[in-house]
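Colleague: So I've got this file, upload_13.pdb, and it contains PDB, C-alpha atoms:
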```
ATOM      1  CA  MET A   3     -30.129-134.901   3.369
ATOM      2  CA  ALA A   4     -28.979-135.294  -0.228
ATOM      3  CA  ARG A   5     -29.524-131.603  -0.898
ATOM      4  CA  SER A   6     -26.871-130.706   1.715
ATOM      5  CA  TRP A   7     -24.006-132.159  -0.318
ATOM      6  CA  PRO A   8     -23.645-129.271  -2.780
ATOM      7  CA  LEU A   9     -23.381-126.830   0.144
ATOM      8  CA  GLN A  10     -20.834-129.030   1.908
ATOM      9  CA  THR A  11     -18.870-129.338  -1.302
ATOM     10  CA  ARG A  12     -18.820-125.561  -1.754
ATOM     11  CA  LEU A  13     -17.744-124.997   1.859
ATOM     12  CA  SER A  14     -14.995-127.594   1.512
ATOM     13  CA  ALA A  15     -13.755-125.970  -1.698
ATOM     14  CA  LEU A  16     -13.787-122.537  -0.021
ATOM     15  CA  ARG A  17     -11.858-123.897   2.961
ATOM     16  CA  ASP A  18      -9.279-125.565   0.725
ATOM     17  CA  ALA A  19      -8.875-122.390  -1.333
ATOM     18  CA  THR A  20      -8.345-120.343   1.819
ATOM     19  CA  ILE A  21      -5.771-122.782   3.149
ATOM     20  CA  GLY A  22      -3.973-122.765  -0.174
ATOM     21  CA  THR A  23      -3.823-118.961  -0.095
ATOM     22  CA  THR A  24      -2.454-118.808   3.437
ATOM     23  CA  LEU A  25       0.232-121.365   2.745
ATOM     24  CA  ALA A  26       1.417-119.252  -0.183
ATOM     25  CA  MET A  27       2.246-116.390   2.209
ATOM     26  CA  ASP A  28       5.949-115.688   2.661
ATOM     27  CA  ILE A  29       6.895-116.865   6.149
ATOM     28  CA  MET A  30      10.164-115.709   7.698
ATOM     29  CA  LEU A  31      11.537-116.939  11.018
ATOM     30  CA  HIS A  32      13.924-114.927  13.180
ATOM     31  CA  ILE A  33      15.033-117.605  15.614
ATOM     32  CA  GLY A  34      17.712-115.817  17.630
ATOM     33  CA  ALA A  35      20.070-116.873  19.032
ATOM     34  CA  HIS A  36      19.694-115.933  22.690
ATOM     35  CA  ARG A  37      21.827-113.069  23.990
ATOM     36  CA  CYS A  38      22.310-111.630  20.496
ATOM     37  CA  ALA A  39      20.234-108.435  20.911
ATOM     38  CA  THR A  40      17.098-110.307  19.885
ATOM     39  CA  GLY A  41      15.042-108.376  22.455
ATOM     40  CA  TYR A  42      16.203-105.132  20.883
ATOM     41  CA  PHE A  43      15.256-106.402  17.428
ATOM     42  CA  GLN A  44      11.828-107.467  18.682
ATOM     43  CA  GLY A  45      11.320-104.077  20.318
ATOM     44  CA  PHE A  46      12.228-102.446  17.020
ATOM     45  CA  LEU A  47       9.680-104.587  15.177
ATOM     46  CA  ALA A  48       6.973-103.800  17.744
ATOM     47  CA  HIS A  49       7.733-100.083  17.464
ATOM     48  CA  HIS A  50       7.248-100.152  13.689
ATOM     49  CA  ALA A  51       4.525-102.828  13.574
ATOM     50  CA  ALA A  52       1.823-100.483  12.248
ATOM     51  CA  ARG A  53       4.112 -99.113   9.542
ATOM     52  CA  LEU A  54       5.200-102.614   8.505
ATOM     53  CA  ARG A  55       1.597-103.825   8.372
ATOM     54  CA  GLN A  56       0.830-101.047   5.881
ATOM     55  CA  ASP A  57       3.526-102.619   3.686
ATOM     56  CA  GLY A  58       1.878-106.041   3.998
ATOM     57  CA  LEU A  59       4.288-107.423   6.615
ATOM     58  CA  ALA A  60       2.698-108.944   9.726
ATOM     59  CA  ILE A  61       4.818-109.335  12.866
ATOM     60  CA  TRP A  62       4.522-112.071  15.473
ATOM     61  CA  GLY A  63       6.768-111.619  18.487
ATOM     62  CA  PRO A  64       6.897-113.466  21.813
ATOM     63  CA  GLU A  65       3.619-111.845  22.915
ATOM     64  CA  GLN A  66       1.864-113.721  20.116
ATOM     65  CA  THR A  67       3.886-116.924  19.941
ATOM     66  CA  ARG A  68       4.052-117.660  23.677
ATOM     67  CA  ASN A  69       0.332-117.385  24.262
ATOM     68  CA  GLY A  70      -0.516-120.961  23.298
ATOM     69  CA  LEU A  71      -0.129-120.469  19.543
ATOM     70  CA  PHE A  72       2.563-123.146  19.219
ATOM     71  CA  HIS A  73       1.119-125.506  21.812
ATOM     72  CA  GLY A  74       1.334-129.084  20.592
ATOM     73  CA  ILE A  75       4.091-128.592  18.024
ATOM     74  CA  GLN A  76       6.730-129.802  20.447
ATOM     75  CA  PRO A  77       6.052-132.820  22.696
ATOM     76  CA  GLY A  78       5.434-132.181  26.354
ATOM     77  CA  PRO A  79       3.034-132.703  29.241
ATOM     78  CA  ALA A  80      -0.589-132.490  28.086
ATOM     79  CA  PRO A  81      -4.015-133.776  29.178
ATOM     80  CA  VAL A  82      -4.945-137.194  27.803
ATOM     81  CA  THR A  83      -7.857-136.272  25.543
ATOM     82  CA  GLY A  84      -7.221-138.489  22.517
ATOM     83  CA  ARG A  85      -6.685-135.411  20.330
ATOM     84  CA  ASP A  86      -3.697-135.071  18.038
ATOM     85  CA  LEU A  87      -2.106-131.917  19.428
ATOM     86  CA  ALA A  88       0.286-131.513  16.486
ATOM     87  CA  THR A  89      -2.607-131.568  14.010
ATOM     88  CA  ARG A  90      -4.541-129.084  16.120
ATOM     89  CA  ALA A  91      -1.506-126.787  16.260
ATOM     90  CA  ARG A  92      -1.160-126.956  12.489
ATOM     91  CA  GLY A  93      -4.827-126.028  12.062
ATOM     92  CA  ARG A  94      -4.460-123.204  14.579
ATOM     93  CA  LEU A  95      -1.556-121.774  12.602
ATOM     94  CA  ARG A  96      -3.504-122.012   9.330
ATOM     95  CA  LEU A  97      -6.405-120.084  10.843
ATOM     96  CA  ARG A  98      -4.158-117.372  12.254
ATOM     97  CA  ILE A  99      -2.309-117.019   8.969
ATOM     98  CA  ALA A 100      -5.618-116.886   7.104
ATOM     99  CA  THR A 101      -6.682-114.042   9.414
ATOM    100  CA  GLU A 102      -3.466-112.159   8.651
ATOM    101  CA  ALA A 103      -3.987-112.665   4.909
ATOM    102  CA  ALA A 104      -7.589-111.440   5.149
ATOM    103  CA  ALA A 105      -6.263-108.288   6.855
ATOM    104  CA  GLY A 106      -3.986-107.618   3.888
ATOM    105  CA  ALA A 107      -0.679-109.218   4.914
ATOM    106  CA  GLN A 108       1.376-110.854   2.191
ATOM    107  CA  ARG A 109       4.336-111.733   4.417
ATOM    108  CA  LEU A 110       4.774-112.869   7.999
ATOM    109  CA  LEU A 111       7.853-112.372  10.169
ATOM    110  CA  ILE A 112       7.984-114.458  13.363
ATOM    111  CA  SER A 113      10.643-113.559  15.938
ATOM    112  CA  ASP A 114      11.147-115.815  18.962
ATOM    113  CA  THR A 115      14.409-117.211  20.320
ATOM    114  CA  ASP A 116      12.609-120.107  21.996
ATOM    115  CA  LEU A 117      12.035-121.630  18.562
ATOM    116  CA  MET A 118      15.618-122.864  18.974
ATOM    117  CA  GLY A 119      15.110-124.043  22.551
ATOM    118  CA  SER A 120      15.197-122.373  25.937
ATOM    119  CA  ALA A 121      18.116-120.805  27.789
ATOM    120  CA  HIS A 122      17.587-123.409  30.493
ATOM    121  CA  ASP A 123      18.044-126.163  27.883
ATOM    122  CA  LEU A 124      21.351-124.617  26.834
ATOM    123  CA  LEU A 125      22.715-124.722  30.355
ATOM    124  CA  GLN A 126      21.493-128.267  30.871
ATOM    125  CA  GLN A 127      23.071-129.446  27.609
ATOM    126  CA  ARG A 128      26.236-127.346  28.022
ATOM    127  CA  GLN A 129      26.496-127.074  24.266
ATOM    128  CA  LEU A 130      24.980-124.994  21.471
ATOM    129  CA  TYR A 131      21.346-125.996  20.783
ATOM    130  CA  ALA A 132      21.729-129.763  20.722
ATOM    131  CA  GLY A 133      18.086-130.396  19.843
ATOM    132  CA  ILE A 134      17.535-127.657  17.294
ATOM    133  CA  GLY A 135      17.280-130.009  14.310
ATOM    134  CA  VAL A 136      14.344-131.965  15.710
ATOM    135  CA  ARG A 137      12.650-128.826  17.058
ATOM    136  CA  LEU A 138      12.778-126.950  13.773
ATOM    137  CA  ALA A 139      11.745-130.025  11.786
ATOM    138  CA  ARG A 140       8.527-130.034  13.821
ATOM    139  CA  PHE A 141       7.997-126.330  13.143
ATOM    140  CA  ASP A 142       8.680-126.912   9.457
ATOM    141  CA  ALA A 143       5.964-129.584   9.412
ATOM    142  CA  ALA A 144       3.572-127.266  11.269
ATOM    143  CA  PHE A 145       4.097-124.618   8.576
ATOM    144  CA  ASP A 146       3.791-127.238   5.813
ATOM    145  CA  GLY A 147       7.350-126.558   4.665
ATOM    146  CA  GLN A 148       6.413-123.033   3.628
ATOM    147  CA  VAL A 149       9.074-121.158   5.623
ATOM    148  CA  ARG A 150      10.962-119.039   3.102
ATOM    149  CA  ASP A 151      13.744-117.544   5.225
ATOM    150  CA  VAL A 152      15.408-118.297   8.540
ATOM    151  CA  MET A 153      17.367-115.468  10.112
ATOM    152  CA  LEU A 154      20.051-116.525  12.589
ATOM    153  CA  ASN A 155      22.139-114.217  14.763
ATOM    154  CA  LEU A 156      25.264-115.805  16.164
ATOM    155  CA  ARG A 157      27.941-114.527  18.502
ATOM    156  CA  SER A 158      31.438-115.455  19.595
ATOM    157  CA  PRO A 159      30.866-118.373  22.002
ATOM    158  CA  ASP A 160      32.948-116.882  24.816
ATOM    159  CA  ARG A 161      30.719-113.780  24.814
ATOM    160  CA  PHE A 162      27.568-115.788  24.144
ATOM    161  CA  TRP A 163      28.044-118.113  27.113
ATOM    162  CA  THR A 164      29.267-115.299  29.359
ATOM    163  CA  SER A 165      26.158-113.228  28.606
ATOM    164  CA  LEU A 166      23.898-116.253  29.105
ATOM    165  CA  LEU A 167      25.537-117.206  32.402
ATOM    166  CA  THR A 168      25.416-113.612  33.627
ATOM    167  CA  GLN A 169      21.697-113.471  32.978
ATOM    168  CA  MET A 170      21.068-116.783  34.705
ATOM    169  CA  VAL A 171      23.117-115.802  37.769
ATOM    170  CA  ALA A 172      21.323-112.455  37.957
ATOM    171  CA  ASN A 173      18.041-114.393  37.944
ATOM    172  CA  GLY A 174      19.036-116.395  41.013
ATOM    173  CA  HIS A 175      20.949-119.376  39.646
ATOM    174  CA  PRO A 176      24.226-120.318  41.353
ATOM    175  CA  LEU A 177      27.585-119.414  39.898
ATOM    176  CA  PRO A 178      28.758-122.082  37.435
ATOM    177  CA  SER A 179      31.372-124.475  38.738
ATOM    178  CA  ALA A 180      34.776-124.916  37.161
ATOM    179  CA  ALA A 181      33.616-128.318  35.890
ATOM    180  CA  VAL A 182      30.605-126.805  34.110
ATOM    181  CA  LEU A 183      32.719-124.079  32.518
ATOM    182  CA  GLY A 184      35.238-126.695  31.404
ATOM    183  CA  GLN A 185      32.529-128.825  29.792
ATOM    184  CA  ILE A 186      31.121-125.832  27.905
ATOM    185  CA  ALA A 187      34.535-124.708  26.678
ATOM    186  CA  ALA A 188      35.644-128.199  25.650
ATOM    187  CA  HIS A 189      32.508-129.248  23.782
ATOM    188  CA  PRO A 190      33.249-129.442  20.042
ATOM    189  CA  ARG A 191      29.784-128.390  18.849
ATOM    190  CA  SER A 192      29.962-125.025  17.068
ATOM    191  CA  TRP A 193      27.688-122.645  15.150
ATOM    192  CA  ARG A 194      28.560-124.578  11.997
ATOM    193  CA  ASP A 195      26.854-127.632  13.492
ATOM    194  CA  VAL A 196      23.831-125.529  14.480
ATOM    195  CA  ILE A 197      23.500-124.181  10.932
ATOM    196  CA  THR A 198      23.874-127.658   9.444
ATOM    197  CA  ASP A 199      21.057-128.932  11.651
ATOM    198  CA  ILE A 200      18.807-126.014  10.677
ATOM    199  CA  ALA A 201      19.443-126.698   6.989
ATOM    200  CA  CYS A 202      18.596-130.350   7.464
ATOM    201  CA  ALA A 203      15.387-129.538   9.370
ATOM    202  CA  MET A 204      14.151-126.869   6.931
ATOM    203  CA  PRO A 205      15.402-127.867   3.477
ATOM    204  CA  ASN A 206      13.207-125.346   1.631
ATOM    205  CA  ALA A 207      14.325-122.301   3.633
ATOM    206  CA  ARG A 208      17.165-119.892   2.955
ATOM    207  CA  ILE A 209      19.336-119.477   6.039
ATOM    208  CA  ARG A 210      20.633-115.957   6.485
ATOM    209  CA  VAL A 211      23.333-115.455   9.085
ATOM    210  CA  MET A 212      23.905-112.073  10.717
ATOM    211  CA  PRO A 213      26.682-112.003  13.334
ATOM    212  CA  TYR A 214      25.947-110.085  16.513
ATOM    213  CA  GLU A 215      29.277-108.288  16.259
ATOM    214  CA  THR A 216      28.146-106.624  13.020
ATOM    215  CA  TYR A 217      24.382-106.321  13.423
ATOM    216  CA  GLY A 218      23.629-106.428  17.147
ATOM    217  CA  ASP A 219      22.862-102.732  17.514
ATOM    218  CA  ARG A 220      21.509-102.274  13.971
ATOM    219  CA  PRO A 221      18.021-103.781  13.826
ATOM    220  CA  GLU A 222      17.079-101.516  10.941
ATOM    221  CA  VAL A 223      19.799-103.111   8.791
ATOM    222  CA  GLN A 224      18.732-106.633   9.784
ATOM    223  CA  LEU A 225      15.147-105.891   8.801
ATOM    224  CA  ALA A 226      16.213-104.335   5.511
ATOM    225  CA  LEU A 227      18.315-107.370   4.601
ATOM    226  CA  LEU A 228      15.528-109.766   5.499
ATOM    227  CA  ALA A 229      12.340-108.022   4.421
ATOM    228  CA  GLY A 230      13.194-104.913   2.416
ATOM    229  CA  PRO A 231      12.210-101.689   4.201
ATOM    230  CA  ARG A 232      14.850 -99.800   6.171
ATOM    231  CA  LEU A 233      13.180 -97.859   8.963
ATOM    232  CA  ALA A 234      14.517 -95.507  11.602
ATOM    233  CA  ARG A 235      16.192 -97.314  14.475
ATOM    234  CA  VAL A 236      14.918 -97.130  18.035
ATOM    235  CA  SER A 237      17.051 -95.393  20.653
ATOM    236  CA  LEU A 238      19.796 -97.562  22.094
ATOM    237  CA  SER A 239      18.300 -96.806  25.513
ATOM    238  CA  ASP A 240      15.452 -99.119  24.528
ATOM    239  CA  ARG A 241      17.688-102.176  24.330
ATOM    240  CA  LEU A 242      16.379-105.026  26.437
ATOM    241  CA  ASN A 243      17.992-107.652  28.664
ATOM    242  CA  ARG A 244      21.462-106.178  28.687
ATOM    243  CA  SER A 245      23.950-108.116  30.769
ATOM    244  CA  ASP A 246      24.773-106.560  34.120
ATOM    245  CA  GLY A 247      28.280-105.336  34.773
ATOM    246  CA  LEU A 248      30.208-106.579  37.798
ATOM    247  CA  PRO A 249      29.168-103.740  40.155
ATOM    248  CA  THR A 250      25.462-104.219  39.357
ATOM    249  CA  LEU A 251      25.772-107.986  39.534
ATOM    250  CA  ARG A 252      27.435-107.833  42.964
ATOM    251  CA  HIS A 253      24.697-105.488  44.174
ATOM    252  CA  ARG A 254      21.900-107.775  42.964
ATOM    253  CA  LEU A 255      23.259-111.041  44.336
ATOM    254  CA  ALA A 256      23.212-112.374  47.849
ATOM    255  CA  ALA A 257      26.372-111.608  49.807
ATOM    256  CA  ASN A 258      27.488-115.256  49.930
ATOM    257  CA  VAL A 259      27.308-115.421  46.116
ATOM    258  CA  ALA A 260      28.621-111.954  45.328
ATOM    259  CA  ARG A 261      31.809-112.548  47.304
ATOM    260  CA  ASP A 262      32.831-115.224  44.769
ATOM    261  CA  LEU A 263      32.769-112.712  41.914
ATOM    262  CA  PRO A 264      36.007-110.979  40.933
ATOM    263  CA  ARG A 265      36.604-107.408  42.035
ATOM    264  CA  GLY A 266      36.714-104.488  39.663
ATOM    265  CA  GLU A 267      34.516-102.958  36.999
ATOM    266  CA  GLY A 268      33.466-104.098  33.543
ATOM    267  CA  ARG A 269      31.894-107.406  32.585
ATOM    268  CA  TRP A 270      32.181-110.696  34.396
ATOM    269  CA  SER A 271      34.370-113.226  32.557
ATOM    270  CA  PRO A 272      33.792-116.704  34.009
ATOM    271  CA  PHE A 273      36.081-118.524  31.564
ATOM    272  CA  SER A 274      39.839-118.737  31.863
ATOM    273  CA  ASP A 275      42.014-117.082  29.246
ATOM    274  CA  ILE A 276      42.773-120.468  27.685
ATOM    275  CA  GLN A 277      39.085-121.432  27.546
ATOM    276  CA  SER A 278      38.113-118.067  26.052
ATOM    277  CA  ALA A 279      40.834-118.374  23.414
ATOM    278  CA  ALA A 280      39.615-121.858  22.439
ATOM    279  CA  LEU A 281      36.032-120.622  22.085
ATOM    280  CA  ARG A 282      37.120-117.649  19.988
ATOM    281  CA  GLU A 283      39.216-119.867  17.727
ATOM    282  CA  ARG A 284      36.213-122.114  17.111
ATOM    283  CA  TYR A 285      34.179-119.048  16.179
ATOM    284  CA  ALA A 286      36.869-117.871  13.767
ATOM    285  CA  ASP A 287      36.673-121.252  12.032
ATOM    286  CA  ASP A 288      32.882-120.918  11.791
ATOM    287  CA  LEU A 289      33.155-117.478  10.224
ATOM    288  CA  MET A 290      35.774-118.748   7.779
ATOM    289  CA  TRP A 291      33.395-121.538   6.779
ATOM    290  CA  LEU A 292      30.578-119.033   6.292
ATOM    291  CA  GLN A 293      32.819-116.742   4.253
ATOM    292  CA  GLY A 294      33.664-119.696   2.045
ATOM    293  CA  GLY A 295      30.022-120.378   1.214
ATOM    294  CA  ALA A 296      28.990-122.632   4.122
ATOM    295  CA  ASP A 297      28.783-125.649   1.797
ATOM    296  CA  GLY A 298      25.804-123.981   0.147
ATOM    297  CA  LEU A 299      23.719-124.306   3.327
ATOM    298  CA  ALA A 300      23.624-120.685   4.499
ATOM    299  CA  GLU A 301      24.476-117.145   3.486
ATOM    300  CA  LEU A 302      26.602-114.805   5.579
ATOM    301  CA  MET A 303      24.905-111.463   5.026
ATOM    302  CA  ARG A 304      27.242-108.742   3.831
ATOM    303  CA  ASP A 305      27.123-105.398   5.592
ATOM    304  CA  PRO A 306      25.407-103.061   3.079
ATOM    305  CA  ASP A 307      27.019-100.021   4.700
ATOM    306  CA  LYS A 308      30.557-101.200   3.998
ATOM    307  CA  HIS A 309      32.177-101.119   0.589
ATOM    308  CA  ALA A 310      35.326-102.911  -0.480
ATOM    309  CA  VAL A 311      38.381-100.722  -0.907
ATOM    310  CA  GLY A 312      41.308-101.742  -3.084
ATOM    311  CA  SER A 313      41.954-105.206  -4.442
ATOM    312  CA  ASN A 314      40.731-107.405  -1.612
ATOM    313  CA  PRO A 315      40.747-111.153  -2.247
ATOM    314  CA  PRO A 316      37.366-112.626  -3.159
ATOM    315  CA  PRO A 317      35.529-114.498  -0.376
ATOM    316  CA  TYR A 318      36.006-117.898  -1.980
ATOM    317  CA  ASP A 319      39.755-117.656  -1.453
ATOM    318  CA  LEU A 320      39.041-118.157   2.255
ATOM    319  CA  THR A 321      37.264-121.492   1.800
ATOM    320  CA  ARG A 322      38.179-124.355   4.083
ATOM    321  CA  GLY A 323      36.974-127.928   4.064
ATOM    322  CA  THR A 324      34.537-129.191   1.459
ATOM    323  CA  SER A 325      33.608-127.050  -1.514
ATOM    324  CA  ASP A 326      30.283-125.361  -2.189
ATOM    325  CA  ASP A 327      29.345-128.275  -4.429
ATOM    326  CA  ASP A 328      28.680-130.458  -1.377
ATOM    327  CA  GLN A 329      25.161-129.344  -0.494
ATOM    328  CA  ASN A 330      23.898-132.515   1.185
ATOM    329  CA  ARG A 331      21.832-131.523   4.181
ATOM    330  CA  ARG A 332      22.626-133.877   7.053
ATOM    331  CA  LEU A 333      22.422-133.468  10.789
ATOM    332  CA  ALA A 334      25.778-132.498  12.277
ATOM    333  CA  GLY A 335      27.772-135.562  13.242
ATOM    334  CA  SER A 336      25.618-137.958  11.205
ATOM    335  CA  GLY A 337      28.444-138.965   8.919
TER     336      GLY A 337
END
```
Would you encode the structure as structure tokens?
Modeller:
Amino acid sequence: MARSWPLQTRLSALRDATIGTTLAMDIMLHIGAHRCATGYFQGFLAHHAARLRQDGLAIWGPEQTRNGLFHGIQPGPAPVTGRDLATRARGRLRLRIATEAAAGAQRLLISDTDLMGSAHDLLQQRQLYAGIGVRLARFDAAFDGQVRDVMLNLRSPDRFWTSLLTQMVANGHPLPSAAVLGQIAAHPRSWRDVITDIACAMPNARIRVMPYETYGDRPEVQLALLAGPRLARVSLSDRLNRSDGLPTLRHRLAANVARDLPRGEGRWSPFSDIQSAALRERYADDLMWLQGGADGLAELMRDPDKHAVGSNPPPYDLTRGTSDDDQNRRLAGSG
């Protein structure tokens, strides 16, 4: 029995060395948000996966992440077995990352909007990702704090909620009531609060913000800004989960639901003009905050295909609120 110790010691040292190597891998998270052309970006990554792997970049999309890989990281219904599911999930991730490293990957890009929460959660909460801080803190612990970059796409809330509601209605949910729309429009939580919570949950990660309005149909630019290589884009016809226009939506819905939709062409706009204006104003404030440095918590990615012309004012002239020196990472609303 005594002679087995040297072998056990060597195996333990090998295991520890392997774990140390995997944790040193650059891990990047593309967390969404929902309805911000994330499906198109994931399709682009899948299309170029072989080419990216040759460059040492492994890709995990929803096909990998939603197949039990993250089971146990977030609390939920589970058999009573006495096992620590969070510890098992952490070990599962280490093994998968070790496999990627053994195959030659130096970096890992994970793209899944459900890291932030589900679309159903959004509609239940009627606000932007209320639980994202706790969720991402658990993912940060699962990755041992080794996440290097977090890529966040955001979108004007009036368009974001409209696209989300359109998708849910097309999938069989009832039309939102005036009370629900009023609660969504009146809630003060904004993208600034979401970003603050992400920064608090993942203090070692750089948060890179790419607005949908600039980058939604340019996945090749998003990838280049995040990971380096700029590859040929996929045809726009390959975009996924586009919102239905009013004619298609009326055709898909039951007659008793479709009759409550407005007539005409174009997109469905469930919010009133006043509600839409309030949501857009909140978004303008968020973008101003990002332009001013986001209190050092996040970086608004500049469009590399646009160059300044003339003597434009520097971005810091647009700063509102606290200066960049205030870099305390606290959950939004915590004081």
Colleague: In terms of the shortest atom-to-atom distance over all atoms listed in the file, which of A:Met170, A:Thr89, A:Val211, A:Ala234 is closest to A:Gln293?
Modeller: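 Between A:Met170, A:Thr89, A:Val211, A:Ala234, the residue approaching A:Gln293 most closely is A:Val211.
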Colleague: Calculate how many Å separate atom CA of A:Leu125 from atom CA of A:Ser274, rounding to one decimal.
Modeller: 18.2 Å
Colleague: Let me make sure I understand: among A:Ala181, A:Ala226, A:Ala139, A:Ala188, which one has the smallest atom-to-atom distance to A:Met204 if we use only C-alpha atoms?
Modeller: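 Among the listed residues, A:Ala139 lies closest to A:Met204.
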Colleague: Measure the distance from atom CA of A:Ser165 to atom CA of A:Gly45 in Å and round it to one decimal.
Modeller: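 Between atom CA of A:Ser165 and atom CA of A:Gly45 the gap is 19.3 Å.
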Colleague: Quick one: contact table of stretch 149-246 of chain A to stretch 118-124 of chain A, 12 Å max, nearest atom pair and distance in Å to one decimal per residue, counting all atoms listed in the file, chain and number order, as a Markdown table?
Modeller:
```
| residue | atom | partner | partner_atom | distance |
| --- | --- | --- | --- | --- |
| A:Val152 | CA | A:Met118 | CA | 11.4 |
| A:Met153 | CA | A:Met118 | CA | 11.7 |
| A:Leu154 | CA | A:Met118 | CA | 10.0 |
| A:Asn155 | CA | A:Met118 | CA | 11.6 |
| A:Phe162 | CA | A:Leu124 | CA | 11.1 |
| A:Trp163 | CA | A:Leu124 | CA | 9.3 |
| A:Ser165 | CA | A:Ala121 | CA | 11.1 |
| A:Leu166 | CA | A:Ala121 | CA | 7.5 |
| A:Leu167 | CA | A:Ala121 | CA | 9.5 |
| A:Thr168 | CA | A:Ala121 | CA | 11.8 |
| A:Gln169 | CA | A:Ala121 | CA | 9.7 |
| A:Met170 | CA | A:Ala121 | CA | 8.5 |
| A:Val171 | CA | A:His122 | CA | 11.9 |
| A:Asn173 | CA | A:His122 | CA | 11.7 |
| A:His175 | CA | A:His122 | CA | 10.6 |
| A:Val182 | CA | A:Leu124 | CA | 12.0 |
| A:Ile186 | CA | A:Leu124 | CA | 9.9 |
| A:Val196 | CA | A:Met118 | CA | 9.7 |
| A:Ile197 | CA | A:Met118 | CA | 11.3 |
| A:Asp199 | CA | A:Met118 | CA | 11.0 |
| A:Ile200 | CA | A:Met118 | CA | 9.4 |
| A:Ala203 | CA | A:Met118 | CA | 11.7 |
```
Colleague: Residue by residue, what does the PyMOL selection byres ((chain A and resi 101) around 12) grab here? Present the result as a ChimeraX atom specification.
Modeller: /A:20-21,23-24,27,60,94-100,102-108,110
Colleague: Taking the file above as input, evaluate the PyMOL selection byres ((chain A and resi 34) around 9) and report the hits as a ChimeraX atom specification.
Modeller: /A:32-33,35-40,113-118,153-156
Colleague: Would you mind telling me which residue in A:Ala180, A:Leu111, A:Ala207, A:Tyr214 lies nearest to A:Gln277 when using only C-alpha atoms?
Modeller: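 That would be A:Ala180, the residue with the smallest distance to A:Gln277.
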Colleague: I would like the residues chosen by the PyMOL selection byres ((chain A and resi 304-308) around 12) on the shown file; could you give them as a list in words?
Modeller: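 With the PyMOL selection byres ((chain A and resi 304-308) around 12) on this model, the match is Arg210, Val211, Met212, Pro213, Tyr214, Glu215, Thr216, Tyr217, Arg220, Glu222, Val223, Gln224, Ala226, Leu227, Leu228, Arg232, Leu292, Gln293, Glu301, Leu302, Met303, His309, Ala310, Val311 and Pro317 of chain A.
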Colleague: Please determine, counting only C-alpha atoms, which residue among A:Gln185, A:Asp146, A:Asp86, A:Trp270 has the shortest atom-to-atom distance to A:Gln127.
Modeller: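 Distance minimum relative to A:Gln127 lands on A:Gln185.
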Colleague: Just checking: using all atoms listed in the file, which residue out of A:Pro231, A:Gly63, A:Pro159, A:Gly298 ends up closest to A:Thr198?
Modeller: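 Looking only at the distances to A:Thr198, the closest residue turns out to be A:Gly298.
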Colleague: Just how far from atom CA of A:Asp151 is atom CA of A:His49, in Å to one decimal?
Modeller: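 Calculated distance between atom CA of A:His49 and atom CA of A:Asp151 is 22.2 Å.
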